[in-house]
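Trainee: Pasting in a structure now, in structure tokens, and then I'll have a few things to ask.
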Amino acid sequence: MGRWRPPQPRSSKYITAEGYKRLNDELKYLWKVKRPEVTQSVKEAAAQGDRSENAEYIYGKKQLREIDRRVRYLSKRLEDMVVVDRAPTPDKQDTVFFGAWVTLLDEEELEKRFRIVGPDEIGDEADYISVDSPLARLILKKQLGDEVCLEKPDGSEAWYEILRIEYKP
């Protein structure tokens with residue numbers, strides 16, 4: 001029986017074409033390269049005899065469980081993904097949609113630039129924000145030059161002006 005976890009809010013199924021390719025490549029790497037390597041090392045460690053005190057064997061089995069968990073997650077998640085790979089029509093280029101690179105100007109005249117992507121694409125890229133984030137939900141379908149007010153968790157407000165909207169990978 002697994003450990004109980006509180007229900008998580010549903011995340012969007014949307015993903016950019018680049019994000020889908022990256023996750024699919026990770027799945028292929030884990031299944032075709034990493035898992036066979038770890039399986040071989042576990043096999044070699046098991047051949048050494050007593051498994052109860054064999055650190056290499058225990059660590060290898062743990063790695064296999066982690067790889068299998070990630071493979072199951074990616075396989076299931078990639079089936080449900082909706083790839084959004086289209087730029088808006090020319091008359092909508094000044095409107096914020098999924099996949100857009102947006103530059104905002106804050107109250108202190110500082111520019112913030114980021115791309116609105118699916119929640120599964122968030123990772124090492126500091127300039128990506130999830131379409132499910134409060135800021136992304138606030139600026140979606142807004143237009144160039146619009147001002148928006150984001151209420152922060154502490155109750156304060158932050159004002160932003162939309163300076164630029166770009167649609168490029």
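In the structure tokens, chains take letters A, B, ... by order of appearance, with residues numbered from 1 within each chain and ligands from 1 in the order shown.
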At a cut-off of 9 Å, using only C-alpha atoms, what residues contact A:Thr39? Leave out same-chain residues fewer than 6 positions from it and give the result as a PyMOL selection string.
Mentor: chain A and resi 60-61+64
Trainee: Need the shell around stretch 79-82 of chain A: protein/DNA/RNA residues with any atom at most 12 Å away, counting only C-alpha atoms. Skip same-chain ones fewer than 6 positions apart. Format as a PDB file with N, CA and C atoms, in the first residue's frame?
Mentor:
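Output file around37.pdb follows:
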```pdb
ATOM      1  N   SER A  11      -2.948  20.034 -13.244  1.00  0.00           N
ATOM      2  CA  SER A  11      -2.135  20.954 -14.028  1.00  0.00           C
ATOM      3  C   SER A  11      -2.561  20.866 -15.486  1.00  0.00           C
ATOM      4  N   SER A  12      -2.268  21.910 -16.210  1.00  0.00           N
ATOM      5  CA  SER A  12      -2.652  21.974 -17.621  1.00  0.00           C
ATOM      6  C   SER A  12      -1.979  20.876 -18.419  1.00  0.00           C
ATOM      7  N   LYS A  13      -2.647  20.449 -19.466  1.00  0.00           N
ATOM      8  CA  LYS A  13      -2.102  19.412 -20.341  1.00  0.00           C
ATOM      9  C   LYS A  13      -1.348  20.021 -21.516  1.00  0.00           C
ATOM     10  N   TYR A  14      -1.283  21.337 -21.577  1.00  0.00           N
ATOM     11  CA  TYR A  14      -0.652  21.996 -22.720  1.00  0.00           C
ATOM     12  C   TYR A  14       0.864  21.965 -22.611  1.00  0.00           C
ATOM     13  N   ILE A  15       1.503  21.868 -23.785  1.00  0.00           N
ATOM     14  CA  ILE A  15       2.961  21.837 -23.847  1.00  0.00           C
ATOM     15  C   ILE A  15       3.388  22.372 -25.211  1.00  0.00           C
ATOM     16  N   THR A  16       4.543  23.026 -25.250  1.00  0.00           N
ATOM     17  CA  THR A  16       5.062  23.495 -26.534  1.00  0.00           C
ATOM     18  C   THR A  16       5.694  22.315 -27.266  1.00  0.00           C
ATOM     19  N   ALA A  17       5.904  22.464 -28.553  1.00  0.00           N
ATOM     20  CA  ALA A  17       6.523  21.391 -29.340  1.00  0.00           C
ATOM     21  C   ALA A  17       7.929  21.090 -28.826  1.00  0.00           C
ATOM     22  N   GLY A  19       9.037  21.520 -25.739  1.00  0.00           N
ATOM     23  CA  GLY A  19       8.907  20.832 -24.457  1.00  0.00           C
ATOM     24  C   GLY A  19       8.526  19.374 -24.631  1.00  0.00           C
ATOM     25  N   TYR A  20       7.636  19.090 -25.571  1.00  0.00           N
ATOM     26  CA  TYR A  20       7.230  17.710 -25.840  1.00  0.00           C
ATOM     27  C   TYR A  20       8.422  16.895 -26.320  1.00  0.00           C
ATOM     28  N   LYS A  21       9.207  17.488 -27.221  1.00  0.00           N
ATOM     29  CA  LYS A  21      10.389  16.792 -27.746  1.00  0.00           C
ATOM     30  C   LYS A  21      11.385  16.512 -26.617  1.00  0.00           C
ATOM     31  N   LEU A  23      10.809  16.162 -23.350  1.00  0.00           N
ATOM     32  CA  LEU A  23      10.316  15.102 -22.467  1.00  0.00           C
ATOM     33  C   LEU A  23      10.363  13.738 -23.151  1.00  0.00           C
ATOM     34  N   ASN A  24      10.040  13.699 -24.436  1.00  0.00           N
ATOM     35  CA  ASN A  24      10.092  12.449 -25.189  1.00  0.00           C
ATOM     36  C   ASN A  24      11.535  11.943 -25.296  1.00  0.00           C
ATOM     37  N   ARG A  72       7.311   5.675 -16.021  1.00  0.00           N
ATOM     38  CA  ARG A  72       5.847   5.541 -15.927  1.00  0.00           C
ATOM     39  C   ARG A  72       5.175   6.904 -15.985  1.00  0.00           C
ATOM     40  N   TYR A  73       5.723   7.865 -15.232  1.00  0.00           N
ATOM     41  CA  TYR A  73       5.149   9.212 -15.209  1.00  0.00           C
ATOM     42  C   TYR A  73       5.188   9.838 -16.605  1.00  0.00           C
ATOM     43  N   PHE A  98      -0.564  31.236 -25.070  1.00  0.00           N
ATOM     44  CA  PHE A  98       0.360  30.188 -24.645  1.00  0.00           C
ATOM     45  C   PHE A  98       1.566  30.138 -25.586  1.00  0.00           C
ATOM     46  N   VAL A 117       4.705  28.649 -20.657  1.00  0.00           N
ATOM     47  CA  VAL A 117       4.785  27.257 -21.117  1.00  0.00           C
ATOM     48  C   VAL A 117       3.947  26.362 -20.202  1.00  0.00           C
ATOM     49  N   GLY A 118       3.872  25.093 -20.551  1.00  0.00           N
ATOM     50  CA  GLY A 118       3.149  24.124 -19.733  1.00  0.00           C
ATOM     51  C   GLY A 118       3.900  23.808 -18.451  1.00  0.00           C
ATOM     52  N   PRO A 119       3.203  23.323 -17.426  1.00  0.00           N
ATOM     53  CA  PRO A 119       3.845  23.047 -16.136  1.00  0.00           C
ATOM     54  C   PRO A 119       4.935  21.981 -16.207  1.00  0.00           C
ATOM     55  N   ASP A 120       4.867  21.086 -17.184  1.00  0.00           N
ATOM     56  CA  ASP A 120       5.881  20.037 -17.304  1.00  0.00           C
ATOM     57  C   ASP A 120       7.182  20.551 -17.906  1.00  0.00           C
ATOM     58  N   GLU A 121       7.172  21.763 -18.439  1.00  0.00           N
ATOM     59  CA  GLU A 121       8.376  22.323 -19.056  1.00  0.00           C
ATOM     60  C   GLU A 121       9.201  23.143 -18.080  1.00  0.00           C
TER      61      GLU A 121
END
```
Trainee: List every residue of stretch 10-158 of chain A that DSSP, applied to the backbone of this structure, assigns to strand (DSSP E or B), and report them as a ChimeraX atom specification.
Mentor: /A:14-16,82-84,95,101-106,111-117,128-130,143,147-151,157-158
Trainee: Once you have the residues from the selection above, write them out as a PDB file, in the first residue's frame, restricted to N, CA and C atoms.
Mentor:
```
ATOM      1  N   TYR A  14      -1.283  21.337 -21.577  1.00  0.00           N
ATOM      2  CA  TYR A  14      -0.652  21.996 -22.720  1.00  0.00           C
ATOM      3  C   TYR A  14       0.864  21.965 -22.611  1.00  0.00           C
ATOM      4  N   ILE A  15       1.503  21.868 -23.785  1.00  0.00           N
ATOM      5  CA  ILE A  15       2.961  21.837 -23.847  1.00  0.00           C
ATOM      6  C   ILE A  15       3.388  22.372 -25.211  1.00  0.00           C
ATOM      7  N   THR A  16       4.543  23.026 -25.250  1.00  0.00           N
ATOM      8  CA  THR A  16       5.062  23.495 -26.534  1.00  0.00           C
ATOM      9  C   THR A  16       5.694  22.315 -27.266  1.00  0.00           C
ATOM     10  N   VAL A  82      -1.297  17.950 -24.841  1.00  0.00           N
ATOM     11  CA  VAL A  82      -1.809  18.628 -26.032  1.00  0.00           C
ATOM     12  C   VAL A  82      -0.706  19.580 -26.484  1.00  0.00           C
ATOM     13  N   VAL A  83      -0.104  19.292 -27.639  1.00  0.00           N
ATOM     14  CA  VAL A  83       0.987  20.118 -28.150  1.00  0.00           C
ATOM     15  C   VAL A  83       0.399  21.358 -28.816  1.00  0.00           C
ATOM     16  N   VAL A  84       0.814  22.524 -28.321  1.00  0.00           N
ATOM     17  CA  VAL A  84       0.377  23.794 -28.893  1.00  0.00           C
ATOM     18  C   VAL A  84       1.558  24.330 -29.690  1.00  0.00           C
ATOM     19  N   THR A  95      -1.352  40.074 -28.768  1.00  0.00           N
ATOM     20  CA  THR A  95      -2.116  39.495 -27.659  1.00  0.00           C
ATOM     21  C   THR A  95      -1.313  38.336 -27.064  1.00  0.00           C
ATOM     22  N   TRP A 101       6.651  34.790 -25.686  1.00  0.00           N
ATOM     23  CA  TRP A 101       7.695  35.438 -24.892  1.00  0.00           C
ATOM     24  C   TRP A 101       7.147  36.816 -24.554  1.00  0.00           C
ATOM     25  N   VAL A 102       7.053  37.124 -23.265  1.00  0.00           N
ATOM     26  CA  VAL A 102       6.443  38.375 -22.821  1.00  0.00           C
ATOM     27  C   VAL A 102       7.468  39.168 -22.021  1.00  0.00           C
ATOM     28  N   THR A 103       7.545  40.472 -22.301  1.00  0.00           N
ATOM     29  CA  THR A 103       8.393  41.366 -21.521  1.00  0.00           C
ATOM     30  C   THR A 103       7.480  42.322 -20.771  1.00  0.00           C
ATOM     31  N   LEU A 104       7.619  42.332 -19.444  1.00  0.00           N
ATOM     32  CA  LEU A 104       6.820  43.208 -18.592  1.00  0.00           C
ATOM     33  C   LEU A 104       7.709  44.277 -17.980  1.00  0.00           C
ATOM     34  N   LEU A 105       7.132  45.423 -17.728  1.00  0.00           N
ATOM     35  CA  LEU A 105       7.813  46.504 -17.027  1.00  0.00           C
ATOM     36  C   LEU A 105       7.135  46.633 -15.672  1.00  0.00           C
ATOM     37  N   ASP A 106       7.920  46.513 -14.584  1.00  0.00           N
ATOM     38  CA  ASP A 106       7.300  46.603 -13.260  1.00  0.00           C
ATOM     39  C   ASP A 106       7.311  48.037 -12.748  1.00  0.00           C
ATOM     40  N   GLU A 111      12.639  45.516 -16.319  1.00  0.00           N
ATOM     41  CA  GLU A 111      12.005  44.629 -17.288  1.00  0.00           C
ATOM     42  C   GLU A 111      12.146  43.176 -16.841  1.00  0.00           C
ATOM     43  N   LYS A 112      11.080  42.416 -17.016  1.00  0.00           N
ATOM     44  CA  LYS A 112      11.081  40.977 -16.740  1.00  0.00           C
ATOM     45  C   LYS A 112      10.618  40.293 -18.013  1.00  0.00           C
ATOM     46  N   ARG A 113      11.424  39.345 -18.503  1.00  0.00           N
ATOM     47  CA  ARG A 113      11.091  38.632 -19.740  1.00  0.00           C
ATOM     48  C   ARG A 113      10.965  37.146 -19.438  1.00  0.00           C
ATOM     49  N   PHE A 114       9.903  36.543 -19.928  1.00  0.00           N
ATOM     50  CA  PHE A 114       9.684  35.120 -19.700  1.00  0.00           C
ATOM     51  C   PHE A 114       8.800  34.553 -20.793  1.00  0.00           C
ATOM     52  N   ARG A 115       8.739  33.227 -20.827  1.00  0.00           N
ATOM     53  CA  ARG A 115       7.891  32.519 -21.787  1.00  0.00           C
ATOM     54  C   ARG A 115       6.825  31.742 -21.024  1.00  0.00           C
ATOM     55  N   ILE A 116       5.606  31.791 -21.507  1.00  0.00           N
ATOM     56  CA  ILE A 116       4.504  31.058 -20.890  1.00  0.00           C
ATOM     57  C   ILE A 116       4.463  29.658 -21.495  1.00  0.00           C
ATOM     58  N   VAL A 117       4.705  28.649 -20.657  1.00  0.00           N
ATOM     59  CA  VAL A 117       4.785  27.257 -21.117  1.00  0.00           C
ATOM     60  C   VAL A 117       3.947  26.362 -20.202  1.00  0.00           C
ATOM     61  N   TYR A 128      11.124  30.682 -17.823  1.00  0.00           N
ATOM     62  CA  TYR A 128       9.865  30.030 -18.184  1.00  0.00           C
ATOM     63  C   TYR A 128       8.922  30.129 -16.987  1.00  0.00           C
ATOM     64  N   ILE A 129       7.645  30.432 -17.244  1.00  0.00           N
ATOM     65  CA  ILE A 129       6.646  30.361 -16.176  1.00  0.00           C
ATOM     66  C   ILE A 129       5.501  29.476 -16.646  1.00  0.00           C
ATOM     67  N   SER A 130       4.881  28.822 -15.704  1.00  0.00           N
ATOM     68  CA  SER A 130       3.789  27.902 -16.014  1.00  0.00           C
ATOM     69  C   SER A 130       2.530  28.668 -16.389  1.00  0.00           C
ATOM     70  N   GLN A 143      -3.307  42.531 -24.057  1.00  0.00           N
ATOM     71  CA  GLN A 143      -2.662  43.050 -25.256  1.00  0.00           C
ATOM     72  C   GLN A 143      -1.481  43.938 -24.913  1.00  0.00           C
ATOM     73  N   GLU A 147      -1.966  47.314 -18.761  1.00  0.00           N
ATOM     74  CA  GLU A 147      -1.417  47.262 -17.415  1.00  0.00           C
ATOM     75  C   GLU A 147      -2.230  46.263 -16.613  1.00  0.00           C
ATOM     76  N   VAL A 148      -1.527  45.470 -15.809  1.00  0.00           N
ATOM     77  CA  VAL A 148      -2.193  44.460 -14.990  1.00  0.00           C
ATOM     78  C   VAL A 148      -1.719  44.583 -13.548  1.00  0.00           C
ATOM     79  N   CYS A 149      -2.578  44.178 -12.635  1.00  0.00           N
ATOM     80  CA  CYS A 149      -2.256  44.231 -11.211  1.00  0.00           C
ATOM     81  C   CYS A 149      -2.299  42.814 -10.655  1.00  0.00           C
ATOM     82  N   LEU A 150      -1.186  42.377 -10.092  1.00  0.00           N
ATOM     83  CA  LEU A 150      -1.087  41.041  -9.503  1.00  0.00           C
ATOM     84  C   LEU A 150      -1.137  41.172  -7.988  1.00  0.00           C
ATOM     85  N   GLU A 151      -2.080  40.468  -7.375  1.00  0.00           N
ATOM     86  CA  GLU A 151      -2.146  40.464  -5.922  1.00  0.00           C
ATOM     87  C   GLU A 151      -1.233  39.360  -5.404  1.00  0.00           C
ATOM     88  N   GLU A 157       0.227  44.479  -3.741  1.00  0.00           N
ATOM     89  CA  GLU A 157      -0.041  44.435  -5.180  1.00  0.00           C
ATOM     90  C   GLU A 157       1.216  44.775  -5.962  1.00  0.00           C
ATOM     91  N   ALA A 158       1.312  44.214  -7.150  1.00  0.00           N
ATOM     92  CA  ALA A 158       2.411  44.526  -8.072  1.00  0.00           C
ATOM     93  C   ALA A 158       1.783  44.879  -9.420  1.00  0.00           C
TER      94      ALA A 158
END
```
Trainee: Please report, as a ChimeraX atom specification, each residue of stretch 13-107 of chain A to which DSSP assigns alpha helix (DSSP H) when run on this structure's backbone.
Mentor: /A:17-29,35-46,55-80
Trainee: Skipping near chain neighbours, those fewer than 4 positions away, what residues fall within 12 Å of A:Pro36 using only C-alpha atoms, listed as a PDB file with C-alpha atoms, in the first residue's frame?
Mentor:
```
ATOM      1  CA  LYS A  28      13.850   7.449 -24.695  1.00  0.00           C
ATOM      2  CA  TYR A  29      17.167   8.090 -22.915  1.00  0.00           C
ATOM      3  CA  LEU A  30      15.924   6.614 -19.639  1.00  0.00           C
ATOM      4  CA  TRP A  31      14.417   3.535 -21.302  1.00  0.00           C
ATOM      5  CA  LYS A  32      17.053   2.761 -23.944  1.00  0.00           C
ATOM      6  CA  GLN A  40      23.765  -4.370 -15.955  1.00  0.00           C
ATOM      7  CA  SER A  41      25.417  -2.857 -12.869  1.00  0.00           C
ATOM      8  CA  VAL A  42      22.746  -4.459 -10.630  1.00  0.00           C
ATOM      9  CA  LYS A  43      23.330  -7.795 -12.345  1.00  0.00           C
ATOM     10  CA  GLY A  60      21.338   0.018  -8.125  1.00  0.00           C
ATOM     11  CA  GLN A  63      18.120   3.729  -9.085  1.00  0.00           C
ATOM     12  CA  LEU A  64      16.019   1.256 -11.079  1.00  0.00           C
ATOM     13  CA  ILE A  67      14.036   5.330 -13.350  1.00  0.00           C
ATOM     14  CA  ASP A  68      10.919   3.155 -13.593  1.00  0.00           C
TER      15      ASP A  68
END
```
Trainee: Please, what distance in Å, to one decimal, runs between atom CA of A:Leu144 and atom CA of A:Lys168?
Mentor: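 Separation of atom CA of A:Leu144 and atom CA of A:Lys168: 16.5 Å.
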Trainee: When you count only C-alpha atoms, which of these residues is closest to A:Asp25: A:Val38, A:Val71, A:Ala46, A:Ile162?
Mentor: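 Selected residue with least distance to A:Asp25: A:Val71.
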Trainee: Would you please work out which residue, of A:Glu26, A:Glu56, A:Glu107, A:Asp91, is nearest to A:Leu78 when using only C-alpha atoms?
Mentor: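 So, comparing all the options, the nearest one is A:Glu26.
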Trainee: Just how far from atom CA of A:Arg22 is atom CA of A:Asp94, in Å to one decimal?
Mentor: 28.1 Å
Trainee: Between atom CA of A:Asp132 and atom CA of A:Pro7, what is the distance in Å, rounded to a tenth?
Mentor: 16.5 Å
